[in-house]
>>> print(open('query-v8.txt').read())   # compact mmCIF, C-alpha atoms and all ligand atoms
# COMPACT_ATOMS: atom_id res chain seq x y z
CA MET A 84 214.65 61.47 179.77
CA ALA A 85 216.61 64.66 179.43
CA LYS A 86 215.66 67.38 181.88
CA ARG A 87 214.45 70.74 180.68
CA ASP A 88 216.78 73.64 181.42
CA ASP A 89 214.48 75.09 184.05
CA GLU A 90 214.31 71.71 185.83
CA ILE A 91 218.03 71.45 186.26
CA LYS A 92 218.94 72.39 189.79
CA GLN A 93 221.76 74.70 190.61
CA ILE A 94 224.88 72.60 191.13
CA PRO A 95 226.57 73.51 194.38
CA GLY A 96 229.77 75.44 193.75
CA GLU A 97 228.60 76.53 190.30
CA GLU A 98 228.32 80.19 191.35
CA SER A 99 231.01 82.42 189.99
CA GLY A 100 232.85 84.87 192.15
CA ASN A 101 230.33 87.63 191.40
CA GLY A 102 227.32 85.49 192.43
CA LEU A 103 226.26 84.59 188.88
CA SER A 104 225.81 80.96 187.94
CA ARG A 105 227.20 79.80 184.64
CA ARG A 106 223.59 79.37 183.45
CA SER A 107 222.70 82.99 184.37
CA PHE A 108 225.83 84.18 182.69
CA LEU A 109 224.94 82.33 179.48
CA LYS A 110 221.39 83.78 179.55
CA ILE A 111 222.68 87.32 179.98
CA GLY A 112 225.28 86.74 177.28
CA GLY A 113 222.52 85.56 174.91
CA LEU A 114 220.43 88.66 175.63
CA ALA A 115 223.36 90.95 175.00
CA ALA A 116 223.95 89.29 171.66
CA ALA A 117 220.30 89.90 170.69
CA VAL A 118 220.49 93.67 171.30
CA PRO A 119 221.63 95.47 168.15
CA VAL A 120 224.95 97.15 168.59
CA VAL A 121 224.72 100.83 167.76
CA THR A 122 227.66 101.85 165.68
CA GLY A 123 228.44 104.83 163.52
CA PRO A 124 227.54 104.97 159.83
CA LYS A 125 229.41 102.94 157.26
CA ILE A 126 231.28 105.00 154.69
CA ILE A 127 231.20 103.83 151.08
CA GLN A 128 232.51 105.34 147.87
CA VAL A 129 229.90 106.46 145.32
CA GLY A 130 231.07 108.20 142.16
CA GLY A 131 234.38 108.97 143.80
CA GLU A 132 232.69 110.55 146.85
CA GLN A 133 232.39 109.25 150.36
CA VAL A 134 228.79 108.59 151.34
CA GLU A 135 227.52 107.67 154.81
CA VAL A 136 225.30 104.58 154.97
CA HIS A 137 223.07 104.41 158.04
CA GLY A 138 220.98 101.58 159.44
CA PRO A 139 219.08 99.42 159.23
CA HIS A 140 219.09 99.51 163.04
CA ALA A 141 218.21 102.47 165.24
CA ALA A 142 221.02 104.90 165.74
CA PRO A 143 221.37 107.99 167.92
CA ILE A 144 220.58 111.31 166.24
CA THR A 145 220.38 114.84 167.59
CA LEU A 146 217.66 117.28 166.57
CA MET A 147 217.28 120.92 167.49
CA VAL A 148 213.54 121.32 168.08
CA ASN A 149 212.04 124.62 169.17
CA GLY A 150 215.41 125.75 170.48
CA LYS A 151 216.07 122.56 172.47
CA ARG A 152 218.71 119.98 171.63
CA GLN A 153 217.10 116.51 171.67
CA THR A 154 218.85 113.17 171.32
CA LEU A 155 216.87 110.11 170.28
CA ASN A 156 217.39 106.67 168.78
CA VAL A 157 215.64 106.17 165.47
CA GLU A 158 215.95 103.92 162.46
CA PRO A 159 217.10 105.83 159.38
CA ARG A 160 213.70 105.28 157.71
CA VAL A 161 211.82 107.24 160.42
CA THR A 162 210.24 110.49 159.25
CA LEU A 163 210.67 113.76 161.09
CA LEU A 164 206.91 113.72 161.75
CA ASP A 165 207.13 110.35 163.51
CA ALA A 166 210.24 111.36 165.44
CA LEU A 167 208.52 114.53 166.66
CA ARG A 168 205.22 112.93 167.58
CA GLU A 169 206.26 109.45 168.74
CA ASP A 170 209.70 110.05 170.24
CA LEU A 171 209.65 113.66 171.40
CA ASP A 172 205.94 114.09 172.18
CA VAL A 173 205.77 117.20 170.00
CA THR A 174 202.25 116.70 168.65
CA GLY A 175 201.51 120.06 167.01
CA PRO A 176 202.38 118.74 163.52
CA LYS A 177 199.52 116.40 162.50
CA ARG A 178 199.56 113.21 160.46
CA VAL A 179 196.75 113.22 157.91
CA CYS A 180 197.76 112.01 154.44
CA ASP A 181 201.29 110.97 155.51
CA ARG A 182 202.46 111.35 151.91
CA GLY A 183 203.18 115.00 151.22
CA GLU A 184 199.80 116.15 150.00
CA CYS A 185 197.84 117.98 152.70
CA GLY A 186 200.25 120.14 154.71
CA ALA A 187 198.91 119.16 158.15
CA CYS A 188 202.42 118.11 159.21
CA THR A 189 204.11 121.39 158.18
CA VAL A 190 207.09 122.51 160.27
CA LEU A 191 209.80 125.07 159.65
CA ILE A 192 213.30 123.79 158.91
CA ASP A 193 215.81 126.61 158.88
CA GLY A 194 212.86 128.94 158.41
CA LYS A 195 211.41 127.15 155.41
CA ALA A 196 207.98 125.48 155.55
CA VAL A 197 208.31 121.74 154.79
CA TYR A 198 206.19 118.61 155.11
CA SER A 199 207.64 116.71 158.05
CA CYS A 200 205.98 113.48 156.86
CA SER A 201 208.19 113.59 153.78
CA THR A 202 211.44 114.47 155.55
CA LEU A 203 213.67 111.90 157.22
CA ALA A 204 214.51 112.70 160.82
CA ILE A 205 218.13 111.82 160.17
CA ASP A 206 218.28 114.48 157.43
CA ALA A 207 216.99 117.18 159.78
CA GLN A 208 220.09 116.98 161.97
CA GLY A 209 222.06 120.18 162.27
CA LYS A 210 219.04 122.29 161.30
CA GLU A 211 216.66 124.47 163.28
CA ILE A 212 213.28 122.77 163.47
CA VAL A 213 210.34 124.89 164.61
CA THR A 214 206.86 123.48 165.14
CA ILE A 215 203.72 125.39 166.03
CA GLU A 216 204.65 124.95 169.70
CA GLY A 217 207.81 126.97 169.04
CA LEU A 218 205.92 129.83 167.39
CA MET A 219 204.31 130.98 170.64
CA ALA A 220 205.24 134.53 171.64
CA GLY A 221 205.60 133.40 175.27
CA ALA A 222 204.75 130.45 177.48
CA THR A 223 201.06 131.35 177.34
CA GLN A 224 201.01 134.03 174.69
CA LEU A 225 200.00 133.39 171.09
CA SER A 226 202.04 134.78 168.23
CA PRO A 227 200.37 137.51 166.11
CA VAL A 228 199.58 134.96 163.38
CA GLN A 229 198.13 132.49 165.88
CA GLU A 230 196.08 135.31 167.39
CA ALA A 231 194.81 136.30 163.94
CA TYR A 232 193.61 132.73 163.27
CA VAL A 233 191.48 133.00 166.40
CA GLN A 234 190.19 136.50 165.62
CA HIS A 235 189.23 135.62 162.05
CA ASP A 236 187.65 132.31 162.96
CA ALA A 237 190.04 130.54 160.59
CA SER A 238 189.71 127.14 162.25
CA GLN A 239 186.94 124.61 162.75
CA CYS A 240 188.02 121.08 163.69
CA GLY A 241 191.58 122.44 163.91
CA PHE A 242 193.27 119.45 162.36
CA CYS A 243 194.82 121.44 159.53
CA THR A 244 195.35 124.56 161.62
CA SER A 245 198.81 123.98 163.06
CA GLY A 246 200.17 123.29 159.57
CA PHE A 247 198.38 126.33 158.15
CA VAL A 248 199.58 128.63 160.95
CA THR A 249 203.16 127.43 160.49
CA ALA A 250 203.03 127.89 156.71
CA THR A 251 201.33 131.29 157.08
CA THR A 252 204.01 132.46 159.52
CA ALA A 253 206.81 131.70 157.05
CA PHE A 254 204.81 133.12 154.16
CA LEU A 255 204.08 136.48 155.84
CA ARG A 256 207.68 136.80 157.00
CA ASP A 257 208.86 136.43 153.39
CA HIS A 258 205.93 138.34 151.81
CA PRO A 259 204.98 141.21 154.10
CA ASN A 260 202.71 142.67 151.42
CA PRO A 261 201.52 139.62 149.47
CA THR A 262 199.37 139.45 146.40
CA HIS A 263 196.53 136.98 146.18
CA GLU A 264 198.53 134.99 143.67
CA GLU A 265 201.48 134.76 146.07
CA MET A 266 199.16 133.59 148.83
CA VAL A 267 197.72 130.86 146.61
CA ARG A 268 201.15 129.77 145.49
CA ASN A 269 202.61 129.66 149.00
CA LEU A 270 199.68 128.35 151.01
CA GLY A 271 198.17 126.22 148.24
CA GLY A 272 200.04 123.17 149.56
CA ASN A 273 197.92 123.14 152.70
CA PHE A 274 194.35 121.85 152.66
CA CYS A 275 191.42 122.39 154.98
CA ARG A 276 188.63 119.86 154.82
CA CYS A 277 186.36 122.16 156.87
CA GLY A 278 186.69 124.91 154.27
CA THR A 279 188.03 127.71 156.46
CA TYR A 280 189.75 129.37 153.50
CA GLY A 281 187.75 132.58 153.89
CA GLY A 282 189.09 133.05 157.43
CA ILE A 283 192.63 132.17 156.44
CA ARG A 284 192.45 134.68 153.60
CA GLU A 285 191.37 137.31 156.13
CA VAL A 286 194.36 136.45 158.32
CA VAL A 287 196.69 137.12 155.40
CA GLN A 288 194.85 140.28 154.44
CA ALA A 289 194.95 141.62 157.99
CA HIS A 290 198.69 141.06 158.19
CA ALA A 291 199.26 142.56 154.77
CA GLY A 292 197.43 145.72 155.76
CA GLY A 293 194.34 144.48 153.91
CA LYS A 294 195.49 146.18 150.73
CA ARG A 295 196.82 144.29 147.75
CA ALA A 296 195.74 140.80 148.75
CA ALA A 297 192.27 142.03 149.75
CA THR A 298 191.69 143.90 146.50
CA GLU A 299 192.81 141.02 144.35
CA ALA A 300 190.97 138.45 146.43
CA ALA A 301 187.71 140.32 145.97
CA GLY A 302 187.52 139.33 142.33
CA ALA A 303 189.18 135.95 142.69
CA VAL A 304 187.49 132.76 141.62
CA ALA A 305 188.07 129.39 143.31
CA VAL A 306 191.67 128.38 142.74
CA LYS A 307 194.13 125.79 143.98
CA GLY A 308 193.96 125.25 147.73
CA GLY A 309 190.43 126.64 147.96
CA PHE A 310 191.37 130.31 148.37
S1 LIG A 401 200.52 114.57 156.63
FE1 LIG A 401 202.26 115.45 155.69
S2 LIG A 401 201.49 116.39 153.90
FE2 LIG A 401 199.76 115.38 154.77
S1 LIG A 402 189.73 123.28 160.30
FE1 LIG A 402 189.12 121.22 159.96
S2 LIG A 402 190.44 120.54 158.39
FE2 LIG A 402 190.84 122.64 158.53
>>> encode(input="query-v8.txt", output="structure tokens")
Amino acid sequence: MAKRDDEIKQIPGEESGNGLSRRSFLKIGGLAAAVPVVTGPKIIQVGGEQVEVHGPHAAPITLMVNGKRQTLNVEPRVTLLDALREDLDVTGPKRVCDRGECGACTVLIDGKAVYSCSTLAIDAQGKEIVTIEGLMAGATQLSPVQEAYVQHDASQCGFCTSGFVTATTAFLRDHPNPTHEEMVRNLGGNFCRCGTYGGIREVVQAHAGGKRAATEAAGAVAVKGGF
């Protein structure tokens, strides 16, 4: 009867010069063949233009997250949200709907609020990514917007809060004196299941000097986003 591989004894003199038997060498060679080789993207022509084709295997990418350059290996299908949470341990952005509807995963990319669950990590290369962790005013100091969320009790379970704070930060930077309508339009893509919209509205009003947005909000009826 034929012997199984693991029953075959080492044949004297079979060691190679570096101490590896031929059997060990073959095993290692087989393993090496099973590990996907990471190569650069393929270039194909589409409509007369050169287009990079990545994957399907993991490939190294570099992301600039909260001012730090990070290199990681991800498959091209991996979202920025997954890369942040699973690969880089940046867990401020939350996964709730995972399909671009709730805003819990909001991050800033080049200053613009985006859903990280609907952005490919590979497409975020070369851009400045800022999560709620990167909005802090110091190692232990909250930013003015973060502070205002605390002061105005604009958070309950907190699951939507990091996305809301990130979106609010970009919104107030671009609209220092916002109207209620602008607030609804810009923050209406974030949802709070605990219904903290009153507190969030106060945050915006406080930062806007409590003037235009407050006046208009006073007579506002329920609109998109719950404001
Ligand atoms: S988790 Fe991204 S929009 Fe809901
Ligand atoms: S505070 Fe709970 S979902 Fe918004």
>>> axis_aligned_box(input="query-v8.txt", around="ligand LIG 402 (chain A)", padding_each_side="3 Å", output="AutoDock Vina command-line options")
--center_x 190.0 --center_y 121.9 --center_z 159.3 --size_x 7.7 --size_y 8.7 --size_z 7.9
>>> atom_distance(input="query-v8.txt", atom1="CA of Cys275 (chain A)", atom2="CA of Lys177 (chain A)")
12.6 Å
>>> residues_near_ligand(input="query-v8.txt", ligand="ligand LIG 401 (chain A)", cutoff="10 Å", atoms="only C-alpha atoms and all ligand atoms", output="PyMOL selection string")
chain A and resi 164+176-190+197-202+243+246+272-274
>>> closest_atom_pairs(input="query-v8.txt", of="chain A", to="ligand LIG 402 (chain A)", cutoff="8 Å", atoms="all atoms listed in the file", output="Markdown table")
| residue | atom | partner | partner_atom | distance |
| --- | --- | --- | --- | --- |
| A:Ala237 | CA | A:LIG402 | S1 | 7.3 |
| A:Ser238 | CA | A:LIG402 | S1 | 4.3 |
| A:Gln239 | CA | A:LIG402 | S1 | 3.9 |
| A:Cys240 | CA | A:LIG402 | FE1 | 3.9 |
| A:Gly241 | CA | A:LIG402 | S1 | 4.1 |
| A:Phe242 | CA | A:LIG402 | S2 | 5.0 |
| A:Cys243 | CA | A:LIG402 | FE2 | 4.3 |
| A:Thr244 | CA | A:LIG402 | FE2 | 5.8 |
| A:Phe274 | CA | A:LIG402 | FE2 | 6.9 |
| A:Cys275 | CA | A:LIG402 | FE2 | 3.6 |
| A:Arg276 | CA | A:LIG402 | S2 | 4.1 |
| A:Cys277 | CA | A:LIG402 | FE1 | 4.2 |
| A:Gly278 | CA | A:LIG402 | FE2 | 6.4 |
| A:Thr279 | CA | A:LIG402 | S1 | 6.1 |
>>> atom_distance(input="query-v8.txt", atom1="CA of Arg284 (chain A)", atom2="CA of Gly221 (chain A)")
25.4 Å
>>> closest_residue(input="query-v8.txt", among="A:Thr252, A:Thr174, A:Gln208, A:Thr162", to="Ile144 (chain A)", atoms="all atoms listed in the file")
A:Gln208
>>> atom_distance(input="query-v8.txt", atom1="CA of Phe247 (chain A)", atom2="CA of Thr214 (chain A)")
11.4 Å
>>> closest_residue(input="query-v8.txt", among="A:Thr262, A:Leu167, A:Ala253, A:Ile283", to="Ala196 (chain A)", atoms="all atoms listed in the file")
A:Ala253
>>> closest_residue(input="query-v8.txt", among="A:Val136, A:Glu216, A:Gly194, A:Ala291", to="Gly175 (chain A)", atoms="only C-alpha atoms")
A:Glu216
>>> closest_residue(input="query-v8.txt", among="A:Val148, A:Val248, A:Ile127, A:Val287", to="Ile215 (chain A)", atoms="all atoms listed in the file")
A:Val248
>>> residues_around(input="query-v8.txt", residues="Pro227 (chain A)", least_positions_apart="4", cutoff="10 Å", atoms="only C-alpha atoms", output="mmCIF file with C-alpha atoms, in the frame of the given file")
data_model
loop_
_atom_site.group_PDB
_atom_site.id
_atom_site.type_symbol
_atom_site.label_atom_id
_atom_site.label_comp_id
_atom_site.auth_asym_id
_atom_site.auth_seq_id
_atom_site.Cartn_x
_atom_site.Cartn_y
_atom_site.Cartn_z
ATOM 1 C CA LEU A 218 205.920 129.830 167.390
ATOM 2 C CA MET A 219 204.310 130.980 170.640
ATOM 3 C CA ALA A 220 205.240 134.530 171.640
ATOM 4 C CA ALA A 231 194.810 136.300 163.940
ATOM 5 C CA TYR A 232 193.610 132.730 163.270
ATOM 6 C CA VAL A 233 191.480 133.000 166.400
ATOM 7 C CA THR A 252 204.010 132.460 159.520
ATOM 8 C CA VAL A 286 194.360 136.450 158.320
ATOM 9 C CA HIS A 290 198.690 141.060 158.190
#
>>> residues_around(input="query-v8.txt", residues="Thr154 (chain A)", least_positions_apart="6", cutoff="7 Å", atoms="only C-alpha atoms", output="number ranges by chain")
A: 143-146
>>> write_last_selection(input="query-v8.txt", atoms="C-alpha atoms", output="PDB file, in the frame of the given file")
ATOM      1  CA  PRO A 143     221.370 107.990 167.920  1.00  0.00           C
ATOM      2  CA  ILE A 144     220.580 111.310 166.240  1.00  0.00           C
ATOM      3  CA  THR A 145     220.380 114.840 167.590  1.00  0.00           C
ATOM      4  CA  LEU A 146     217.660 117.280 166.570  1.00  0.00           C
TER       5      LEU A 146
END
>>> closest_residue(input="query-v8.txt", among="A:Gly138, A:Gly130, A:Gly217, A:Pro259", to="Ile205 (chain A)", atoms="all atoms listed in the file")
A:Gly138
>>> residues_around(input="query-v8.txt", residues="Ala141 (chain A)", least_positions_apart="4", cutoff="7 Å", atoms="all atoms listed in the file", output="PyMOL selection string")
chain A and resi 156-159
>>> decode(input="query-v8.txt", residues="region 140-236 of chain A", atoms="C-alpha atoms", output="tab-separated table (two decimals), in the first residue's frame")
chain	number	residue	atom	x	y	z
A	140	HIS	CA	-7.18	40.87	-4.97
A	141	ALA	CA	-6.12	43.16	-2.14
A	142	ALA	CA	-3.69	45.84	-3.15
A	143	PRO	CA	-1.78	48.43	-1.14
A	144	ILE	CA	-3.39	51.87	-0.91
A	145	THR	CA	-2.44	54.99	1.02
A	146	LEU	CA	-4.98	57.15	2.81
A	147	MET	CA	-4.45	60.43	4.60
A	148	VAL	CA	-6.66	60.14	7.69
A	149	ASN	CA	-6.82	62.89	10.30
A	150	GLY	CA	-3.47	64.22	9.12
A	151	LYS	CA	-1.72	60.83	9.23
A	152	ARG	CA	-0.55	58.89	6.18
A	153	GLN	CA	-1.80	55.28	6.47
A	154	THR	CA	-0.94	52.38	4.19
A	155	LEU	CA	-3.20	49.34	4.10
A	156	ASN	CA	-4.04	46.39	1.87
A	157	VAL	CA	-7.63	46.32	0.71
A	158	GLU	CA	-9.63	44.80	-2.10
A	159	PRO	CA	-10.92	47.44	-4.51
A	160	ARG	CA	-14.52	46.74	-3.42
A	161	VAL	CA	-13.86	47.81	0.20
A	162	THR	CA	-15.67	50.96	1.31
A	163	LEU	CA	-13.94	53.81	3.07
A	164	LEU	CA	-16.12	53.09	6.12
A	165	ASP	CA	-14.85	49.50	6.32
A	166	ALA	CA	-11.25	50.54	5.72
A	167	LEU	CA	-11.48	53.11	8.53
A	168	ARG	CA	-13.23	50.88	11.04
A	169	GLU	CA	-11.80	47.44	10.24
A	170	ASP	CA	-8.29	48.22	9.02
A	171	LEU	CA	-7.37	51.48	10.74
A	172	ASP	CA	-9.42	51.18	13.94
A	173	VAL	CA	-10.96	54.61	13.36
A	174	THR	CA	-14.41	53.88	14.75
A	175	GLY	CA	-15.96	57.35	14.98
A	176	PRO	CA	-17.87	56.91	11.70
A	177	LYS	CA	-20.70	54.43	12.40
A	178	ARG	CA	-22.24	51.76	10.20
A	179	VAL	CA	-26.03	51.87	10.42
A	180	CYS	CA	-27.82	51.55	7.07
A	181	ASP	CA	-24.61	50.85	5.09
A	182	ARG	CA	-26.31	52.12	1.94
A	183	GLY	CA	-26.14	55.90	1.88
A	184	GLU	CA	-29.35	56.77	3.68
A	185	CYS	CA	-28.76	57.69	7.32
A	186	GLY	CA	-25.54	59.73	7.55
A	187	ALA	CA	-24.10	57.89	10.56
A	188	CYS	CA	-20.91	57.18	8.59
A	189	THR	CA	-20.32	60.82	7.54
A	190	VAL	CA	-16.69	61.92	7.17
A	191	LEU	CA	-15.11	64.93	5.51
A	192	ILE	CA	-13.22	64.36	2.26
A	193	ASP	CA	-11.35	67.46	1.20
A	194	GLY	CA	-13.67	69.38	3.51
A	195	LYS	CA	-16.89	68.03	2.03
A	196	ALA	CA	-19.28	65.88	4.09
A	197	VAL	CA	-19.73	62.47	2.42
A	198	TYR	CA	-21.13	59.06	3.32
A	199	SER	CA	-18.10	56.84	3.84
A	200	CYS	CA	-20.25	53.71	3.39
A	201	SER	CA	-20.85	54.77	-0.20
A	202	THR	CA	-17.28	55.74	-1.04
A	203	LEU	CA	-14.62	53.25	-2.09
A	204	ALA	CA	-11.45	53.42	-0.03
A	205	ILE	CA	-9.39	53.23	-3.20
A	206	ASP	CA	-11.12	56.38	-4.50
A	207	ALA	CA	-10.25	58.33	-1.34
A	208	GLN	CA	-6.53	58.15	-2.06
A	209	GLY	CA	-4.80	61.48	-2.43
A	210	LYS	CA	-7.53	63.27	-0.47
A	211	GLU	CA	-7.73	64.63	3.07
A	212	ILE	CA	-10.04	62.44	5.11
A	213	VAL	CA	-11.23	63.82	8.44
A	214	THR	CA	-13.37	61.84	10.86
A	215	ILE	CA	-14.88	63.04	14.12
A	216	GLU	CA	-11.64	62.00	15.85
A	217	GLY	CA	-9.81	64.56	13.71
A	218	LEU	CA	-12.19	67.39	14.62
A	219	MET	CA	-10.98	67.61	18.22
A	220	ALA	CA	-9.47	70.98	19.13
A	221	GLY	CA	-6.70	69.19	21.06
A	222	ALA	CA	-5.85	65.77	22.41
A	223	THR	CA	-8.52	66.12	25.10
A	224	GLN	CA	-10.33	69.25	24.00
A	225	LEU	CA	-13.60	69.21	22.10
A	226	SER	CA	-14.14	71.44	19.10
A	227	PRO	CA	-16.70	74.25	19.50
A	228	VAL	CA	-19.30	72.22	17.56
A	229	GLN	CA	-18.65	69.11	19.64
A	230	GLU	CA	-18.92	71.23	22.79
A	231	ALA	CA	-22.22	72.70	21.58
A	232	TYR	CA	-23.68	69.20	21.07
A	233	VAL	CA	-22.96	68.51	24.73
A	234	GLN	CA	-24.27	71.87	25.96
A	235	HIS	CA	-27.52	71.60	24.00
A	236	ASP	CA	-28.13	67.97	24.88
